[in-house]
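Okay, protein01.txt is below, compact mmCIF, C-alpha atoms:
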```txt
# COMPACT_ATOMS: atom_id res chain seq x y z
CA MET A 1 118.30 38.49 106.61
CA ARG A 2 119.52 39.77 109.94
CA ALA A 3 119.58 43.29 108.51
CA VAL A 4 115.79 43.62 108.69
CA PRO A 5 115.30 43.47 112.49
CA TYR A 6 118.44 45.60 112.86
CA LEU A 7 117.08 48.35 110.63
CA LEU A 8 113.59 48.05 112.13
CA GLY A 9 115.09 48.44 115.61
CA ALA A 10 117.11 51.48 114.56
CA ALA A 11 114.06 53.03 112.91
CA LEU A 12 112.00 52.54 116.09
CA GLN A 13 114.78 54.11 118.16
CA ILE A 14 115.00 57.08 115.80
CA GLY A 15 111.23 57.42 116.12
CA GLY A 16 111.66 57.55 119.90
CA VAL A 17 114.31 60.26 119.63
CA PHE A 18 112.09 62.22 117.24
CA ALA A 19 109.13 61.92 119.64
CA ILE A 20 111.16 63.28 122.56
CA GLY A 21 112.44 66.07 120.31
CA THR A 22 108.90 66.98 119.27
CA LEU A 23 107.83 66.94 122.91
CA GLY A 24 110.63 69.43 123.68
CA TYR A 25 109.33 71.86 121.06
CA ALA A 26 105.74 71.40 122.22
CA LEU A 27 106.63 72.10 125.87
CA VAL A 28 108.62 75.23 124.92
CA ALA A 29 105.68 76.51 122.86
CA ALA A 30 103.07 75.65 125.51
CA PHE A 31 104.92 77.26 128.41
CA ARG A 32 106.68 79.99 126.37
CA LEU A 33 110.03 78.91 127.76
CA PRO A 34 113.00 81.11 126.82
CA LEU A 35 115.12 78.30 125.34
CA PRO A 36 115.19 76.33 122.09
CA GLY A 37 112.88 73.30 121.89
CA ASN A 38 115.72 70.95 120.99
CA VAL A 39 117.74 72.09 124.01
CA LEU A 40 114.84 71.25 126.31
CA ALA A 41 114.54 67.91 124.48
CA ILE A 42 118.24 67.19 125.11
CA VAL A 43 117.83 68.01 128.82
CA LEU A 44 114.66 65.91 128.97
CA LEU A 45 116.27 62.88 127.33
CA TYR A 46 119.36 63.29 129.51
CA ALA A 47 117.13 63.29 132.61
CA LEU A 48 115.32 60.16 131.39
CA LEU A 49 118.68 58.43 130.88
CA ALA A 50 120.13 59.63 134.19
CA THR A 51 117.09 58.40 136.14
CA LYS A 52 117.20 55.11 134.16
CA LEU A 53 113.56 55.56 133.14
CA VAL A 54 115.00 55.11 129.67
CA ARG A 55 117.95 52.72 129.31
CA VAL A 56 120.70 54.00 127.05
CA GLU A 57 120.69 50.65 125.18
CA TRP A 58 117.10 51.29 124.09
CA LEU A 59 118.12 54.31 122.04
CA GLU A 60 121.84 54.07 121.48
CA ARG A 61 121.87 52.54 118.00
CA GLY A 62 119.31 54.95 116.57
CA ALA A 63 120.79 57.97 118.32
CA THR A 64 124.27 57.19 117.03
CA LEU A 65 122.88 56.79 113.51
CA VAL A 66 121.22 60.21 113.86
CA THR A 67 124.19 62.06 115.34
CA SER A 68 126.61 60.66 112.77
CA ASN A 69 124.30 61.76 109.94
CA LEU A 70 123.02 65.04 111.41
CA VAL A 71 124.87 66.85 108.63
CA LEU A 72 122.34 65.62 106.06
CA PHE A 73 119.62 67.75 107.68
CA ILE A 74 121.84 70.83 107.56
CA VAL A 75 122.59 70.68 103.83
CA PRO A 76 119.37 72.51 102.75
CA LEU A 77 120.26 75.43 105.03
CA ALA A 78 123.98 75.48 104.22
CA ALA A 79 123.12 75.68 100.51
CA GLY A 80 121.56 79.08 101.32
CA LEU A 81 125.10 80.45 101.42
CA MET A 82 124.82 80.70 97.62
CA THR A 83 122.43 83.61 98.12
CA LEU A 84 124.80 85.38 100.49
CA GLY A 85 127.69 85.93 98.06
CA ASP A 86 127.28 89.70 98.48
CA ILE A 87 127.67 89.73 102.26
CA LEU A 88 130.54 87.26 102.11
CA VAL A 89 132.44 89.23 99.46
CA ARG A 90 131.91 92.56 101.21
CA ASN A 91 132.93 91.27 104.66
CA GLY A 92 135.08 88.32 103.61
CA VAL A 93 138.55 89.38 104.77
CA PRO A 94 137.59 90.94 108.13
CA LEU A 95 135.18 88.05 108.70
CA ILE A 96 137.87 85.38 108.30
CA PHE A 97 140.30 87.42 110.37
CA VAL A 98 137.86 87.91 113.26
CA LEU A 99 136.78 84.27 113.11
CA LEU A 100 140.36 82.97 113.22
CA VAL A 101 141.54 85.28 116.01
CA SER A 102 138.49 84.76 118.25
CA LEU A 103 138.61 80.99 117.65
CA ALA A 104 142.32 80.85 118.50
CA CYS A 105 141.74 82.87 121.71
CA GLY A 106 138.93 80.51 122.75
CA ILE A 107 141.00 77.39 122.05
CA VAL A 108 144.01 78.64 124.02
CA VAL A 109 142.00 80.01 126.97
CA THR A 110 139.90 76.83 127.33
CA GLY A 111 142.95 74.57 126.98
CA ARG A 112 145.21 76.54 129.33
CA ILE A 113 142.64 76.77 132.15
CA ALA A 114 141.77 73.07 131.91
CA GLU A 115 145.46 72.11 131.78
CA ARG A 116 146.22 73.84 135.11
CA PRO A 117 146.93 71.16 137.74
CA GLU A 118 144.49 71.12 140.62
CA GLY A 119 145.47 73.23 143.61
CA SER A 120 148.10 75.35 141.88
CA VAL A 121 147.49 78.92 140.81
CA ARG A 122 149.52 78.78 137.60
CA ALA A 123 150.86 75.88 135.61
CA MET B 1 104.88 73.91 95.64
CA SER B 2 104.17 70.61 93.91
CA ALA B 3 104.88 67.13 95.21
CA GLY B 4 107.34 66.73 92.33
CA ASP B 5 109.40 69.71 93.52
CA THR B 6 109.52 68.29 97.03
CA CYS B 7 110.63 64.87 95.77
CA GLY B 8 113.22 66.49 93.51
CA ALA B 9 114.65 68.64 96.28
CA ILE B 10 114.79 65.71 98.71
CA ALA B 11 116.36 63.44 96.09
CA LEU B 12 119.00 66.07 95.26
CA THR B 13 119.84 66.52 98.95
CA LEU B 14 120.12 62.78 99.59
CA ALA B 15 122.18 62.20 96.43
CA ALA B 16 124.54 65.05 97.31
CA TYR B 17 124.90 63.71 100.86
CA VAL B 18 125.70 60.17 99.73
CA ALA B 19 128.20 61.57 97.22
CA GLY B 20 129.73 63.75 99.96
CA ARG B 21 130.14 60.78 102.30
CA THR B 22 131.57 58.58 99.56
CA LEU B 23 134.12 61.26 98.70
CA ARG B 24 135.07 61.42 102.38
CA LYS B 25 135.76 57.69 102.45
CA HIS B 26 138.23 57.93 99.58
CA LEU B 27 139.79 61.27 100.37
CA SER B 28 140.06 62.42 103.98
CA HIS B 29 140.86 66.10 104.32
CA PRO B 30 139.25 68.95 106.32
CA LEU B 31 137.90 70.32 103.00
CA THR B 32 136.17 67.04 102.15
CA THR B 33 133.90 67.08 105.21
CA PRO B 34 130.58 65.60 104.05
CA LEU B 35 128.70 68.85 104.72
CA PHE B 36 131.09 71.00 102.71
CA ALA B 37 131.15 68.63 99.74
CA SER B 38 127.36 67.96 99.79
CA THR B 39 126.59 71.67 99.99
CA LEU B 40 128.86 72.43 97.04
CA ILE B 41 127.14 69.70 95.00
CA VAL B 42 123.67 71.06 95.80
CA CYS B 43 124.70 74.63 94.94
CA ALA B 44 126.35 73.53 91.70
CA ALA B 45 123.27 71.53 90.68
CA LEU B 46 120.93 74.46 91.42
CA LEU B 47 123.13 76.88 89.47
CA ALA B 48 123.44 74.48 86.54
CA ALA B 49 119.68 73.86 86.39
CA ARG B 50 118.91 77.57 87.06
CA ILE B 51 116.72 76.69 90.04
CA PRO B 52 116.41 79.53 92.57
CA TYR B 53 117.55 78.64 96.10
CA ASP B 54 114.18 79.53 97.65
CA ALA B 55 112.40 76.98 95.46
CA TYR B 56 114.86 74.27 96.48
CA ARG B 57 114.68 75.29 100.14
CA ALA B 58 110.86 75.06 100.12
CA GLY B 59 111.04 71.61 98.54
CA ALA B 60 113.67 70.38 100.99
CA ASP B 61 111.71 71.71 103.97
CA PRO B 62 110.80 68.25 105.37
CA ILE B 63 114.53 67.49 105.69
CA ALA B 64 115.37 70.82 107.32
CA ARG B 65 112.42 70.50 109.72
CA ALA B 66 113.53 67.10 110.97
CA LEU B 67 116.81 68.53 112.29
CA GLY B 68 115.30 70.14 115.39
CA PRO B 69 113.46 67.12 116.86
CA LEU B 70 116.21 64.68 115.82
CA SER B 71 118.89 66.71 117.57
CA ALA B 72 117.47 65.40 120.88
CA ALA B 73 119.83 62.49 120.08
CA LEU B 74 122.73 64.70 121.26
CA ALA B 75 121.70 63.77 124.81
CA VAL B 76 123.10 60.26 124.27
CA PRO B 77 126.79 61.20 123.75
CA LEU B 78 126.42 63.75 126.56
CA TYR B 79 125.13 61.03 128.89
CA LYS B 80 127.66 58.40 127.84
CA ASN B 81 130.60 60.78 128.36
CA ARG B 82 129.29 62.29 131.60
CA THR B 83 131.97 60.67 133.72
CA ALA B 84 134.88 61.51 131.37
CA LEU B 85 135.74 64.62 133.38
CA GLY B 86 135.70 62.84 136.74
CA ARG B 87 137.01 64.97 139.61
CA ARG B 88 138.10 67.71 137.21
CA ILE B 89 134.55 68.61 136.28
CA ARG B 90 134.50 71.98 138.07
CA VAL B 91 137.70 73.34 136.59
CA ALA B 92 136.65 71.92 133.21
CA LEU B 93 133.27 73.66 133.29
CA PHE B 94 134.99 76.88 134.34
CA ALA B 95 137.41 76.55 131.41
CA LEU B 96 134.50 75.87 129.05
CA VAL B 97 132.58 78.96 130.17
CA ALA B 98 135.67 81.19 130.22
CA GLY B 99 136.85 80.02 126.80
CA SER B 100 133.42 80.43 125.19
CA LEU B 101 132.94 83.92 126.61
CA THR B 102 136.49 84.99 125.68
CA SER B 103 135.91 83.90 122.10
CA ILE B 104 132.60 85.76 121.85
CA CYS B 105 133.97 88.95 123.42
CA VAL B 106 137.07 88.94 121.18
CA ALA B 107 134.85 88.34 118.12
CA VAL B 108 132.49 91.20 118.99
CA ALA B 109 135.29 93.62 119.91
CA LEU B 110 137.28 92.94 116.74
CA GLY B 111 134.11 92.83 114.65
CA ARG B 112 133.08 96.25 115.86
CA LEU B 113 136.55 97.62 115.05
CA ALA B 114 136.39 96.04 111.59
CA LEU B 115 132.89 97.53 111.06
CA ILE B 116 131.31 94.12 110.49
CA PRO B 117 127.50 94.61 110.48
CA ARG B 118 125.38 93.17 113.28
CA ALA B 119 123.70 90.70 110.89
CA VAL B 120 127.11 89.06 110.41
CA LEU B 121 128.54 89.59 113.89
CA VAL B 122 125.73 87.79 115.74
CA PRO B 123 126.18 84.59 113.67
CA LEU B 124 129.91 84.93 114.38
CA GLY B 125 129.07 84.88 118.10
CA LEU B 126 127.20 81.60 117.60
CA LYS B 127 130.07 79.92 115.72
CA SER B 128 131.15 77.46 118.42
CA SER B 129 127.70 76.01 119.16
CA THR B 130 126.75 72.78 117.43
CA SER B 131 124.64 73.48 114.29
CA PRO B 132 121.18 72.38 115.53
CA ILE B 133 121.49 74.68 118.54
CA ALA B 134 123.16 77.55 116.63
CA LEU B 135 120.29 77.43 114.13
CA GLU B 136 117.64 77.77 116.84
CA LEU B 137 119.57 80.68 118.35
CA ALA B 138 119.89 82.32 114.91
CA ARG B 139 116.10 82.18 114.58
CA ALA B 140 115.59 83.61 118.05
CA LEU B 141 118.09 86.44 117.39
CA LYS B 142 116.67 87.06 113.89
CA VAL B 143 119.83 86.52 111.86
CA SER B 144 120.36 84.39 108.74
CA PRO B 145 120.32 80.63 109.48
CA SER B 146 122.38 79.99 106.32
CA LEU B 147 125.12 82.41 107.31
CA THR B 148 125.11 80.99 110.84
CA VAL B 149 125.46 77.44 109.60
CA GLY B 150 128.23 78.55 107.21
CA LEU B 151 130.21 80.14 110.03
CA VAL B 152 129.58 77.19 112.37
CA VAL B 153 130.91 74.81 109.72
CA ALA B 154 133.91 77.03 108.90
CA THR B 155 134.69 77.18 112.63
CA GLY B 156 134.54 73.40 112.89
CA MET B 157 136.88 72.91 109.95
CA LEU B 158 139.37 75.58 111.05
CA GLY B 159 139.26 74.44 114.68
CA ALA B 160 139.88 70.82 113.74
CA MET B 161 142.73 71.84 111.42
CA PHE B 162 144.53 74.44 113.55
CA GLY B 163 143.34 73.48 117.05
CA PRO B 164 145.83 70.67 117.74
CA PRO B 165 148.96 72.58 116.56
CA LEU B 166 147.77 75.67 118.44
CA LEU B 167 147.32 73.62 121.63
CA ASP B 168 150.86 72.22 121.14
CA LEU B 169 152.13 75.78 120.82
CA ALA B 170 150.31 76.79 124.03
CA ARG B 171 151.82 73.69 125.71
CA VAL B 172 148.41 72.20 126.48
CA ARG B 173 149.24 68.49 126.76
CA ALA B 174 146.70 66.86 129.08
CA PRO B 175 144.16 64.79 127.05
CA LEU B 176 141.37 66.26 129.18
CA ALA B 177 142.36 69.85 128.42
CA ARG B 178 142.89 69.20 124.71
CA GLY B 179 139.56 67.36 124.30
CA LEU B 180 137.71 70.02 126.26
CA SER B 181 139.18 72.82 124.16
CA LEU B 182 138.47 71.12 120.81
CA GLY B 183 134.89 70.17 121.73
CA THR B 184 134.10 73.56 123.24
CA MET B 185 135.44 75.67 120.38
CA ALA B 186 134.97 73.47 117.32
CA HIS B 187 131.87 71.39 118.28
CA VAL B 188 131.49 68.03 116.49
CA SER B 189 134.32 68.62 113.99
CA GLY B 190 136.71 69.35 116.84
CA SER B 191 135.36 66.32 118.67
CA ALA B 192 136.01 64.05 115.66
CA GLN B 193 139.59 65.38 115.61
CA ALA B 194 139.88 64.80 119.37
CA TYR B 195 138.96 61.12 118.94
CA PHE B 196 142.04 60.75 116.70
CA GLU B 197 144.17 61.79 119.68
CA GLY B 198 142.71 59.17 121.99
CA GLU B 199 139.70 57.80 123.83
CA THR B 200 139.84 60.22 126.80
CA THR B 201 140.39 63.24 124.58
CA GLY B 202 137.43 62.18 122.45
CA ALA B 203 135.07 61.42 125.33
CA VAL B 204 135.81 64.76 127.01
CA SER B 205 135.28 66.59 123.72
CA GLY B 206 131.94 64.81 123.21
CA PHE B 207 130.79 66.04 126.58
CA ALA B 208 132.09 69.56 125.84
CA VAL B 209 130.07 69.80 122.60
CA GLY B 210 126.80 69.21 124.44
CA ALA B 211 127.71 71.33 127.44
CA THR B 212 128.74 74.27 125.24
CA GLY B 213 125.47 73.97 123.31
CA LEU B 214 123.47 74.11 126.54
CA LEU B 215 125.54 77.00 127.89
CA MET B 216 125.17 79.01 124.68
CA SER B 217 121.44 78.42 124.45
CA LEU B 218 121.12 80.12 127.83
CA ALA B 219 123.87 82.74 127.43
CA ALA B 220 123.70 83.83 123.78
CA PRO B 221 120.16 85.28 123.79
CA ALA B 222 121.18 87.38 126.80
CA ILE B 223 124.70 88.54 125.96
CA LEU B 224 124.77 88.83 122.15
CA PRO B 225 122.05 91.53 121.96
CA LEU B 226 123.83 93.33 124.80
CA LEU B 227 127.27 93.17 123.16
CA THR B 228 125.97 94.20 119.74
CA HIS B 229 123.68 96.90 121.15
CA GLY B 230 123.34 99.98 118.97
CA MET B 231 124.95 98.34 115.95
CA GLN B 232 123.58 98.54 112.42
```
For this file, write the structure as structure tokens.
Amino acid sequence: MRAVPYLLGAALQIGGVFAIGTLGYALVAAFRLPLPGNVLAIVLLYALLATKLVRVEWLERGATLVTSNLVLFIVPLAAGLMTLGDILVRNGVPLIFVLLVSLACGIVVTGRIAERPEGSVRA
Amino acid sequence: MSAGDTCGAIALTLAAYVAGRTLRKHLSHPLTTPLFASTLIVCAALLAARIPYDAYRAGADPIARALGPLSAALAVPLYKNRTALGRRIRVALFALVAGSLTSICVAVALGRLALIPRAVLVPLGLKSSTSPIALELARALKVSPSLTVGLVVATGMLGAMFGPPLLDLARVRAPLARGLSLGTMAHVSGSAQAYFEGETTGAVSGFAVGATGLLMSLAAPAILPLLTHGMQ
């Protein structure tokens, strides 16, 4: 029965992540900060990890479980696409075209700049 | 809204998710990403049972609400991969900012030419941010969260599929550059693809996903209204 303490530990860690996330939203609301609550929470948790106030081992298992299953929490919103058939049909072809071209430009620009060897102007 | 509806909606979501993940295990293809498959299952079930989306969405609200606070977990991969860029961090961050802005500007310019309405063009500008952050930005910019998530997911799938061959074509060979590009433009889907190419590529992409999310959460609310100013 080694699964029980494992799951209990993961659940506690997820609770910790959730608490920091909730704190992020609360701080944004209290101080009317112009950024999303979860972004502040990410910065906050990063700062806690960087200053070693929170050790990464304390949260790692739960956090990995959350990030690898984050998709579950998106399903209820993604299913809303079924109500947007109209918009998608009307703008479908230009939408896919613009998405593909802008995505390709971003991929090439990011890759080419990062590829450039240090100190040289052009690769 | 009864407790039964909530239980039903949560059960449907969980069942669809488990089915989506199981399908992924047996059949690995960009079209069998768990989100795509699970969403199709939920939609099919709602259509078959003639349940309106809004009723399901209200019932599944506890699941959707958990996303925001739980996404604080993204700090962990960001922290663990913080040294992946090493001495190249400055050029990498420059590439990340330049690539993100190029993609947004190209999208808005082409979208305006193609007469895509603002309600669709703004979500298109959010397409490379990771879903939890894109969703918050969609709320702040008053555009459809569902459309935003749909475009974010489509971007992830297309970026993971076409990113590597496109980078080959552009002769981008360094693992750092490839990982950075995939994580910046195709968020977690691109990052998963980058891990197939190697440990460095994956680690860099993991960092890029978080960094792009942070960048966009600061930049998008400022530049997207500006770029789409005066649009319908």
Would you list the contacts of Gly20 (chain B) as a PDB file with C-alpha atoms, in the coordinates of the input, taking every protein, DNA or RNA residue within 8 Å and counting all atoms listed in the file, but skipping same-chain residues closer than 2 positions in sequence?
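The resulting file, part05.pdb, is reproduced below:
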```pdb
ATOM      1  CA  ALA B  16     124.540  65.050  97.310  1.00  0.00           C
ATOM      2  CA  TYR B  17     124.900  63.710 100.860  1.00  0.00           C
ATOM      3  CA  VAL B  18     125.700  60.170  99.730  1.00  0.00           C
ATOM      4  CA  THR B  22     131.570  58.580  99.560  1.00  0.00           C
ATOM      5  CA  LEU B  23     134.120  61.260  98.700  1.00  0.00           C
ATOM      6  CA  ARG B  24     135.070  61.420 102.380  1.00  0.00           C
ATOM      7  CA  THR B  32     136.170  67.040 102.150  1.00  0.00           C
ATOM      8  CA  THR B  33     133.900  67.080 105.210  1.00  0.00           C
ATOM      9  CA  PRO B  34     130.580  65.600 104.050  1.00  0.00           C
ATOM     10  CA  LEU B  35     128.700  68.850 104.720  1.00  0.00           C
ATOM     11  CA  PHE B  36     131.090  71.000 102.710  1.00  0.00           C
ATOM     12  CA  ALA B  37     131.150  68.630  99.740  1.00  0.00           C
ATOM     13  CA  SER B  38     127.360  67.960  99.790  1.00  0.00           C
TER      14      SER B  38
END
```
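For the choices B:Cys7, B:Val149, B:Leu12, B:Leu27, the atom-to-atom distance to chain A is smallest for B:Val149 when using all atoms listed in the file.
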Pick from A:Gly92, A:Gly21, A:Gly9, A:Gly15 nearest to chain B, counting only C-alpha atoms: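 Between A:Gly92, A:Gly21, A:Gly9, A:Gly15, the residue approaching chain B most closely is A:Gly21.
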Counting all atoms listed in the file, which residues sit no farther than 10 Å from the position (130.9, 65.8, 122.4) in the file's frame? I'd like them as a short mmCIF file (atom, residue, chain, number, x, y, z; two decimals) with C-alpha atoms, in the frame of the given file.
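selection24.cif written:
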```cif
data_model
loop_
_atom_site.label_atom_id
_atom_site.label_comp_id
_atom_site.auth_asym_id
_atom_site.auth_seq_id
_atom_site.Cartn_x
_atom_site.Cartn_y
_atom_site.Cartn_z
CA LEU B 74 122.73 64.70 121.26
CA ALA B 75 121.70 63.77 124.81
CA VAL B 76 123.10 60.26 124.27
CA PRO B 77 126.79 61.20 123.75
CA LEU B 78 126.42 63.75 126.56
CA TYR B 79 125.13 61.03 128.89
CA LYS B 80 127.66 58.40 127.84
CA ASN B 81 130.60 60.78 128.36
CA ARG B 82 129.29 62.29 131.60
CA THR B 130 126.75 72.78 117.43
CA GLY B 179 139.56 67.36 124.30
CA LEU B 180 137.71 70.02 126.26
CA LEU B 182 138.47 71.12 120.81
CA GLY B 183 134.89 70.17 121.73
CA THR B 184 134.10 73.56 123.24
CA HIS B 187 131.87 71.39 118.28
CA VAL B 188 131.49 68.03 116.49
CA SER B 189 134.32 68.62 113.99
CA GLY B 190 136.71 69.35 116.84
CA SER B 191 135.36 66.32 118.67
CA ALA B 192 136.01 64.05 115.66
CA ALA B 194 139.88 64.80 119.37
CA TYR B 195 138.96 61.12 118.94
CA GLY B 202 137.43 62.18 122.45
CA ALA B 203 135.07 61.42 125.33
CA VAL B 204 135.81 64.76 127.01
CA SER B 205 135.28 66.59 123.72
CA GLY B 206 131.94 64.81 123.21
CA PHE B 207 130.79 66.04 126.58
CA ALA B 208 132.09 69.56 125.84
CA VAL B 209 130.07 69.80 122.60
CA GLY B 210 126.80 69.21 124.44
CA ALA B 211 127.71 71.33 127.44
CA THR B 212 128.74 74.27 125.24
CA GLY B 213 125.47 73.97 123.31
#
```
Among the residues B:Ala72, B:Leu135, B:Ala9, B:Ala140, the one that comes closest to chain A [using all atoms listed in the file]: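 Under the stated criterion, the closest residue is B:Ala72.
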Expected answer as a ChimeraX atom specification: chain A residues within 6 Å of chain B, all atoms listed in the file: /A:17-18,21-22,36,38,41-42,46,63,71,73,75,77-81,98,102-103,105-107,109-111,113-115
Distance in Å - CA of Val43 (chain A) versus CA of Met216 (chain B):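 Value for the CA of Val43 (chain A)-CA of Met216 (chain B) distance: 13.9 Å.
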Atom-to-atom span, CA of Ser129 (chain B) and CA of Ala220 (chain B), Å: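 Spanning CA of Ser129 (chain B) to CA of Ala220 (chain B) is a straight-line distance of 9.9 Å.
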Straight-line distance linking CA of Leu45 (chain A) with CA of Leu59 (chain A), stated in Å to one decimal: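 Here the two named atoms are 10.2 Å from each other.
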From B:Leu215, B:His26, B:His229, B:Met161, residue lying nearest Leu35 (chain A) [only C-alpha atoms]: B:Leu215
Please complete region 54-71 of chain A with N, CA, C and O atoms and give it back as a short mmCIF file (atom, residue, chain, number, x, y, z; two decimals), keeping the file's coordinate frame.
```
data_model
loop_
_atom_site.label_atom_id
_atom_site.label_comp_id
_atom_site.auth_asym_id
_atom_site.auth_seq_id
_atom_site.Cartn_x
_atom_site.Cartn_y
_atom_site.Cartn_z
N VAL A 54 114.68 55.60 131.00
CA VAL A 54 115.00 55.11 129.67
C VAL A 54 116.42 54.56 129.73
O VAL A 54 117.33 55.24 130.22
N ARG A 55 116.61 53.30 129.32
CA ARG A 55 117.95 52.72 129.31
C ARG A 55 118.67 53.17 128.06
O ARG A 55 118.08 53.22 126.99
N VAL A 56 119.95 53.47 128.18
CA VAL A 56 120.70 54.00 127.05
C VAL A 56 120.72 52.98 125.90
O VAL A 56 120.69 53.35 124.72
N GLU A 57 120.67 51.67 126.23
CA GLU A 57 120.69 50.65 125.18
C GLU A 57 119.44 50.70 124.31
O GLU A 57 119.44 50.24 123.17
N TRP A 58 118.34 51.23 124.86
CA TRP A 58 117.10 51.29 124.09
C TRP A 58 117.21 52.25 122.90
O TRP A 58 116.48 52.13 121.94
N LEU A 59 118.07 53.24 123.04
CA LEU A 59 118.12 54.31 122.04
C LEU A 59 119.46 54.43 121.34
O LEU A 59 119.58 55.10 120.33
N GLU A 60 120.48 53.78 121.90
CA GLU A 60 121.84 54.07 121.48
C GLU A 60 122.07 53.92 119.98
O GLU A 60 122.66 54.79 119.34
N ARG A 61 121.59 52.81 119.42
CA ARG A 61 121.87 52.54 118.00
C ARG A 61 121.25 53.62 117.11
O ARG A 61 121.92 54.18 116.24
N GLY A 62 119.98 53.92 117.36
CA GLY A 62 119.31 54.95 116.57
C GLY A 62 119.93 56.32 116.76
O GLY A 62 120.13 57.07 115.80
N ALA A 63 120.24 56.65 118.02
CA ALA A 63 120.79 57.97 118.32
C ALA A 63 122.14 58.15 117.66
O ALA A 63 122.45 59.23 117.13
N THR A 64 122.96 57.09 117.66
CA THR A 64 124.27 57.19 117.03
C THR A 64 124.13 57.38 115.52
O THR A 64 124.83 58.19 114.91
N LEU A 65 123.16 56.64 114.94
CA LEU A 65 122.88 56.79 113.51
C LEU A 65 122.49 58.24 113.20
O LEU A 65 122.92 58.82 112.21
N VAL A 66 121.66 58.83 114.07
CA VAL A 66 121.22 60.21 113.86
C VAL A 66 122.39 61.17 114.01
O VAL A 66 122.65 61.99 113.12
N THR A 67 123.13 61.06 115.12
CA THR A 67 124.19 62.06 115.34
C THR A 67 125.27 61.96 114.27
O THR A 67 125.83 62.97 113.89
N SER A 68 125.55 60.75 113.77
CA SER A 68 126.61 60.66 112.77
C SER A 68 126.12 61.08 111.38
O SER A 68 126.92 61.21 110.46
N ASN A 69 124.83 61.30 111.23
CA ASN A 69 124.30 61.76 109.94
C ASN A 69 123.55 63.08 110.05
O ASN A 69 122.81 63.46 109.14
N LEU A 70 123.75 63.79 111.16
CA LEU A 70 123.02 65.04 111.41
C LEU A 70 123.27 66.06 110.29
O LEU A 70 122.42 66.89 109.97
N VAL A 71 124.48 65.94 109.70
CA VAL A 71 124.87 66.85 108.63
C VAL A 71 123.89 66.87 107.46
O VAL A 71 123.62 67.91 106.87
#
```
